[in-house]
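Reviewing the structure listed below.
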Amino acid sequence: MKDEDAAPEEDGPGVKAALYMETLQARMDPDQYQALKHAVNEAIQFLMQGREGTIGSEGDAPFTPELNREFATVMNILITGKMDQQIVDVPSSDGRSTGLIFMDPDEADDPAKVHEVRDFLDKWSAEREAVNLELDGIERASNPSTDD
């Protein structure tokens, strides 16, 4: 076994995410930090187990939009290992919803690139919605209810 196999990378995604969490702990309300920490730990467990799930906040601290942004930032660091990406609010073209995406700084400052990503997400979302409707129809046809 090689030495580098035995120890985690000093600048690996887990270390970077832990450092970021330390900065959050220093500046956040303790209850909000605990809610964030709980959500991150839950997400990590889902990822490690290859499962899907719903992540909620624990205790009395509400999962605010700011906590949602910090959660997304921590997960982005864990997944990509990058700390220099910028979070960008991307409204859908119909204006009904807003999403968060992470982009490299050069791309995040380019309105055309942000628009391109938004268009891609709109197309993907519409395709996903069509597939979900089709699957719902198949499920209803396969399992007729006696209540109808």
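The way I read the labels, and the way they are meant: chains A, B, ... in the order of the structure tokens, residue 1 as the first residue of every chain, and ligand 1 as the first ligand shown, with later ones counted on from there.
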| Contacts of Lys37 in chain A at 10 Å (only C-alpha atoms; same-chain gap of 2+ positions) as a ChimeraX atom specification | /A:21,24-25,31-35,39-43,57-58,71,74
Export N, CA and C atoms of the chosen residues as an mmCIF file, in the first residue's frame?
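That gives us part24.cif:
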```cif
data_model
loop_
_atom_site.group_PDB
_atom_site.id
_atom_site.type_symbol
_atom_site.label_atom_id
_atom_site.label_comp_id
_atom_site.auth_asym_id
_atom_site.auth_seq_id
_atom_site.Cartn_x
_atom_site.Cartn_y
_atom_site.Cartn_z
ATOM 1 N N MET A 21 -17.168 24.748 6.269
ATOM 2 C CA MET A 21 -18.117 24.593 7.374
ATOM 3 C C MET A 21 -17.611 25.286 8.635
ATOM 4 N N LEU A 24 -18.438 28.848 8.370
ATOM 5 C CA LEU A 24 -19.874 29.055 8.589
ATOM 6 C C LEU A 24 -20.216 28.983 10.067
ATOM 7 N N GLN A 25 -19.608 28.052 10.763
ATOM 8 C CA GLN A 25 -19.883 27.905 12.185
ATOM 9 C C GLN A 25 -19.509 29.171 12.952
ATOM 10 N N ASP A 31 -28.152 27.622 16.043
ATOM 11 C CA ASP A 31 -29.257 26.744 15.648
ATOM 12 C C ASP A 31 -29.285 26.552 14.129
ATOM 13 N N GLN A 32 -29.040 27.627 13.396
ATOM 14 C CA GLN A 32 -29.020 27.508 11.941
ATOM 15 C C GLN A 32 -27.839 26.657 11.480
ATOM 16 N N TYR A 33 -26.703 26.834 12.136
ATOM 17 C CA TYR A 33 -25.541 26.021 11.771
ATOM 18 C C TYR A 33 -25.830 24.538 12.016
ATOM 19 N N GLN A 34 -26.473 24.220 13.133
ATOM 20 C CA GLN A 34 -26.795 22.827 13.435
ATOM 21 C C GLN A 34 -27.764 22.255 12.399
ATOM 22 N N ALA A 35 -28.732 23.070 11.977
ATOM 23 C CA ALA A 35 -29.675 22.619 10.940
ATOM 24 C C ALA A 35 -28.930 22.351 9.631
ATOM 25 N N ALA A 39 -28.394 18.711 7.716
ATOM 26 C CA ALA A 39 -28.782 18.511 6.317
ATOM 27 C C ALA A 39 -27.602 18.014 5.482
ATOM 28 N N VAL A 40 -26.426 18.569 5.706
ATOM 29 C CA VAL A 40 -25.234 18.126 4.964
ATOM 30 C C VAL A 40 -24.924 16.667 5.300
ATOM 31 N N ASN A 41 -24.958 16.327 6.586
ATOM 32 C CA ASN A 41 -24.689 14.936 6.985
ATOM 33 C C ASN A 41 -25.711 13.969 6.383
ATOM 34 N N GLU A 42 -26.983 14.381 6.357
ATOM 35 C CA GLU A 42 -28.018 13.549 5.746
ATOM 36 C C GLU A 42 -27.743 13.346 4.260
ATOM 37 N N ALA A 43 -27.390 14.431 3.574
ATOM 38 C CA ALA A 43 -27.115 14.352 2.137
ATOM 39 C C ALA A 43 -25.920 13.441 1.861
ATOM 40 N N SER A 57 -34.774 20.216 7.790
ATOM 41 C CA SER A 57 -34.013 20.762 8.909
ATOM 42 C C SER A 57 -34.466 20.082 10.187
ATOM 43 N N GLU A 58 -33.557 20.054 11.125
ATOM 44 C CA GLU A 58 -33.830 19.406 12.402
ATOM 45 C C GLU A 58 -34.001 20.489 13.456
ATOM 46 N N PHE A 71 -26.090 25.355 1.993
ATOM 47 C CA PHE A 71 -26.152 23.918 1.782
ATOM 48 C C PHE A 71 -25.675 23.581 0.365
ATOM 49 N N VAL A 74 -21.857 24.008 0.126
ATOM 50 C CA VAL A 74 -21.103 22.912 0.753
ATOM 51 C C VAL A 74 -21.164 21.667 -0.129
#
```
| request: Per DSSP on the backbone, filter range 69-148 of chain A down to the residues in helix (DSSP H, G or I) and report them as JSON, numbers by chain. | output: {"A": [69, 70, 71, 72, 73, 74, 75, 76, 77, 78, 79, 80, 105, 106, 107, 108, 111, 112, 113, 114, 115, 116, 117, 118, 119, 120, 121, 122, 123, 124, 125, 126, 127, 128, 129, 130, 131, 132, 133, 134, 135, 136, 137, 138, 139, 140, 141, 142]}
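We find CA of Gly14 in chain A and CA of Leu47 in chain A to be spaced 13.5 Å apart.
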| said: Just want the 10 Å neighbourhood of range 114-124 of chain A, counted on only C-alpha atoms, with same-chain residues fewer than 2 positions away dropped. Output as a PyMOL selection string. | reply: chain A and resi 88-94+98-99+101+103+107-112+126-130
Atoms to include: N, CA and C atoms. Write the selected residues as a short mmCIF file (atom, residue, chain, number, x, y, z; two decimals), in the first residue's frame.
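again-v2.cif, written as the output of this step:
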```cif
data_model
loop_
_atom_site.label_atom_id
_atom_site.label_comp_id
_atom_site.auth_asym_id
_atom_site.auth_seq_id
_atom_site.Cartn_x
_atom_site.Cartn_y
_atom_site.Cartn_z
N VAL A 88 -25.23 31.31 -8.88
CA VAL A 88 -26.00 32.22 -9.72
C VAL A 88 -27.47 31.84 -9.64
N ASP A 89 -28.32 32.83 -9.37
CA ASP A 89 -29.76 32.60 -9.42
C ASP A 89 -30.16 32.59 -10.88
N VAL A 90 -30.84 31.54 -11.29
CA VAL A 90 -31.26 31.43 -12.68
C VAL A 90 -32.78 31.26 -12.71
N PRO A 91 -33.48 32.35 -13.04
CA PRO A 91 -34.92 32.23 -13.16
C PRO A 91 -35.29 31.46 -14.43
N SER A 92 -36.39 30.72 -14.34
CA SER A 92 -36.84 30.02 -15.54
C SER A 92 -37.36 31.05 -16.54
N SER A 93 -37.43 30.68 -17.80
CA SER A 93 -37.86 31.63 -18.82
C SER A 93 -39.31 32.05 -18.63
N ASP A 94 -40.12 31.21 -17.97
CA ASP A 94 -41.52 31.57 -17.73
C ASP A 94 -41.69 32.41 -16.47
N THR A 98 -37.19 29.78 -9.71
CA THR A 98 -35.79 30.19 -9.72
C THR A 98 -34.95 29.02 -9.23
N GLY A 99 -33.82 28.84 -9.84
CA GLY A 99 -32.91 27.79 -9.41
C GLY A 99 -31.55 28.38 -9.11
N ILE A 101 -27.47 27.68 -9.61
CA ILE A 101 -26.45 26.91 -10.31
C ILE A 101 -25.09 27.44 -9.91
N MET A 103 -21.28 28.18 -11.32
CA MET A 103 -20.55 28.39 -12.57
C MET A 103 -19.15 28.88 -12.25
N GLU A 107 -17.59 32.40 -16.52
CA GLU A 107 -18.89 32.12 -17.10
C GLU A 107 -20.01 32.84 -16.35
N ALA A 108 -19.89 32.92 -15.03
CA ALA A 108 -20.93 33.56 -14.22
C ALA A 108 -21.06 35.05 -14.55
N ASP A 109 -19.99 35.66 -15.00
CA ASP A 109 -20.01 37.08 -15.36
C ASP A 109 -20.44 37.32 -16.80
N ASP A 110 -20.74 36.26 -17.54
CA ASP A 110 -21.13 36.36 -18.94
C ASP A 110 -22.64 36.14 -19.07
N PRO A 111 -23.42 37.22 -19.27
CA PRO A 111 -24.87 37.07 -19.36
C PRO A 111 -25.32 36.08 -20.45
N ALA A 112 -24.60 36.02 -21.55
CA ALA A 112 -24.95 35.08 -22.62
C ALA A 112 -24.80 33.64 -22.14
N ALA A 126 -38.56 20.72 -19.09
CA ALA A 126 -39.74 20.40 -19.88
C ALA A 126 -39.73 18.93 -20.29
N GLU A 127 -38.56 18.42 -20.70
CA GLU A 127 -38.45 17.01 -21.06
C GLU A 127 -38.74 16.12 -19.85
N ARG A 128 -38.21 16.51 -18.72
CA ARG A 128 -38.42 15.74 -17.49
C ARG A 128 -39.89 15.72 -17.10
N GLU A 129 -40.56 16.86 -17.23
CA GLU A 129 -41.97 16.95 -16.90
C GLU A 129 -42.79 16.06 -17.84
N ALA A 130 -42.45 16.04 -19.13
CA ALA A 130 -43.15 15.19 -20.10
C ALA A 130 -42.97 13.71 -19.74
#
```
| query | Quick one, how far is CA of Ala18 in chain A from CA of Leu67 in chain A? | reply | 16.2 Å
| field | Neighbour list for Asn76 in chain A as a list in words, cut-off 9 Å, only C-alpha atoms, skip fewer than 6 positions in-chain | value | Ala17, Lys82, Met83, Gln85 and Phe102 of chain A
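Nearest to Gly12 in chain A of all the residues A:Ser125, A:Thr80, A:Ser142, A:Gln86 is A:Thr80, based on only C-alpha atoms.
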| So which residues of range 3-120 of chain A fall under strand (DSSP E) by DSSP, listed as a PyMOL selection string? | chain A and resi 86-91+98-103
Output all heavy atoms for every residue in the selection just made, as an mmCIF file, in the first residue's frame.
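Dumped everything to result.cif:
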```cif
data_model
loop_
_atom_site.group_PDB
_atom_site.id
_atom_site.type_symbol
_atom_site.label_atom_id
_atom_site.label_comp_id
_atom_site.auth_asym_id
_atom_site.auth_seq_id
_atom_site.Cartn_x
_atom_site.Cartn_y
_atom_site.Cartn_z
ATOM 1 N N GLN A 86 -19.044 30.394 -8.538
ATOM 2 C CA GLN A 86 -20.005 31.380 -8.072
ATOM 3 C C GLN A 86 -21.406 30.807 -8.171
ATOM 4 O O GLN A 86 -21.737 30.110 -9.121
ATOM 5 C CB GLN A 86 -19.916 32.653 -8.910
ATOM 6 C CG GLN A 86 -18.644 33.426 -8.694
ATOM 7 C CD GLN A 86 -18.624 34.708 -9.514
ATOM 8 O OE1 GLN A 86 -19.581 35.098 -10.137
ATOM 9 N NE2 GLN A 86 -17.483 35.368 -9.501
ATOM 10 N N ILE A 87 -22.202 31.126 -7.181
ATOM 11 C CA ILE A 87 -23.595 30.713 -7.205
ATOM 12 C C ILE A 87 -24.383 31.775 -7.965
ATOM 13 O O ILE A 87 -24.187 32.977 -7.764
ATOM 14 C CB ILE A 87 -24.134 30.493 -5.778
ATOM 15 C CG1 ILE A 87 -25.463 29.777 -5.800
ATOM 16 C CG2 ILE A 87 -24.222 31.780 -5.009
ATOM 17 C CD1 ILE A 87 -25.881 29.241 -4.451
ATOM 18 N N VAL A 88 -25.230 31.313 -8.881
ATOM 19 C CA VAL A 88 -25.997 32.225 -9.724
ATOM 20 C C VAL A 88 -27.466 31.836 -9.638
ATOM 21 O O VAL A 88 -27.811 30.668 -9.806
ATOM 22 C CB VAL A 88 -25.519 32.143 -11.201
ATOM 23 C CG1 VAL A 88 -26.324 33.061 -12.088
ATOM 24 C CG2 VAL A 88 -24.027 32.447 -11.304
ATOM 25 N N ASP A 89 -28.320 32.826 -9.371
ATOM 26 C CA ASP A 89 -29.761 32.596 -9.422
ATOM 27 C C ASP A 89 -30.163 32.593 -10.883
ATOM 28 O O ASP A 89 -29.851 33.530 -11.621
ATOM 29 C CB ASP A 89 -30.515 33.716 -8.697
ATOM 30 C CG ASP A 89 -30.310 33.688 -7.201
ATOM 31 O OD1 ASP A 89 -30.437 32.609 -6.615
ATOM 32 O OD2 ASP A 89 -30.016 34.750 -6.631
ATOM 33 N N VAL A 90 -30.843 31.536 -11.286
ATOM 34 C CA VAL A 90 -31.260 31.431 -12.679
ATOM 35 C C VAL A 90 -32.778 31.261 -12.712
ATOM 36 O O VAL A 90 -33.295 30.183 -12.447
ATOM 37 C CB VAL A 90 -30.576 30.233 -13.379
ATOM 38 C CG1 VAL A 90 -31.015 30.129 -14.815
ATOM 39 C CG2 VAL A 90 -29.073 30.364 -13.301
ATOM 40 N N PRO A 91 -33.477 32.352 -13.042
ATOM 41 C CA PRO A 91 -34.924 32.228 -13.157
ATOM 42 C C PRO A 91 -35.287 31.458 -14.426
ATOM 43 O O PRO A 91 -34.572 31.527 -15.425
ATOM 44 C CB PRO A 91 -35.404 33.678 -13.240
ATOM 45 C CG PRO A 91 -34.233 34.433 -13.749
ATOM 46 C CD PRO A 91 -33.009 33.697 -13.289
ATOM 47 N N THR A 98 -37.188 29.782 -9.709
ATOM 48 C CA THR A 98 -35.788 30.189 -9.724
ATOM 49 C C THR A 98 -34.952 29.020 -9.230
ATOM 50 O O THR A 98 -35.357 28.315 -8.313
ATOM 51 C CB THR A 98 -35.557 31.397 -8.790
ATOM 52 O OG1 THR A 98 -36.354 32.478 -9.256
ATOM 53 C CG2 THR A 98 -34.115 31.835 -8.785
ATOM 54 N N GLY A 99 -33.822 28.840 -9.839
ATOM 55 C CA GLY A 99 -32.914 27.794 -9.412
ATOM 56 C C GLY A 99 -31.546 28.375 -9.107
ATOM 57 O O GLY A 99 -31.257 29.527 -9.442
ATOM 58 N N LEU A 100 -30.733 27.585 -8.469
ATOM 59 C CA LEU A 100 -29.360 27.974 -8.169
ATOM 60 C C LEU A 100 -28.443 27.080 -8.979
ATOM 61 O O LEU A 100 -28.626 25.869 -9.009
ATOM 62 C CB LEU A 100 -29.051 27.774 -6.682
ATOM 63 C CG LEU A 100 -29.931 28.496 -5.678
ATOM 64 C CD1 LEU A 100 -29.559 28.076 -4.260
ATOM 65 C CD2 LEU A 100 -29.790 29.993 -5.832
ATOM 66 N N ILE A 101 -27.467 27.681 -9.613
ATOM 67 C CA ILE A 101 -26.453 26.906 -10.314
ATOM 68 C C ILE A 101 -25.091 27.437 -9.914
ATOM 69 O O ILE A 101 -24.959 28.570 -9.455
ATOM 70 C CB ILE A 101 -26.614 26.950 -11.852
ATOM 71 C CG1 ILE A 101 -26.480 28.378 -12.365
ATOM 72 C CG2 ILE A 101 -27.904 26.308 -12.288
ATOM 73 C CD1 ILE A 101 -26.370 28.469 -13.867
ATOM 74 N N PHE A 102 -24.093 26.607 -10.086
ATOM 75 C CA PHE A 102 -22.722 27.004 -9.822
ATOM 76 C C PHE A 102 -22.000 27.085 -11.148
ATOM 77 O O PHE A 102 -22.111 26.183 -11.972
ATOM 78 C CB PHE A 102 -22.029 26.005 -8.896
ATOM 79 C CG PHE A 102 -22.526 26.101 -7.494
ATOM 80 C CD1 PHE A 102 -23.648 25.402 -7.090
ATOM 81 C CD2 PHE A 102 -21.899 26.925 -6.581
ATOM 82 C CE1 PHE A 102 -24.130 25.513 -5.806
ATOM 83 C CE2 PHE A 102 -22.375 27.044 -5.292
ATOM 84 C CZ PHE A 102 -23.481 26.341 -4.904
ATOM 85 N N MET A 103 -21.278 28.178 -11.321
ATOM 86 C CA MET A 103 -20.551 28.393 -12.570
ATOM 87 C C MET A 103 -19.145 28.877 -12.246
ATOM 88 O O MET A 103 -18.913 29.494 -11.202
ATOM 89 C CB MET A 103 -21.263 29.446 -13.427
ATOM 90 C CG MET A 103 -22.676 29.060 -13.823
ATOM 91 S SD MET A 103 -23.491 30.313 -14.840
ATOM 92 C CE MET A 103 -22.733 29.975 -16.431
#
```
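Computed from the coordinates, the CA of Gly95 in chain A to CA of Glu52 in chain A distance equals 27.8 Å.
Ranking A:Asn143, A:Ile79, A:Val15, A:Gly137 by their shortest atom-to-atom distance to Met48 in chain A, with only C-alpha atoms included, puts A:Ile79 first.
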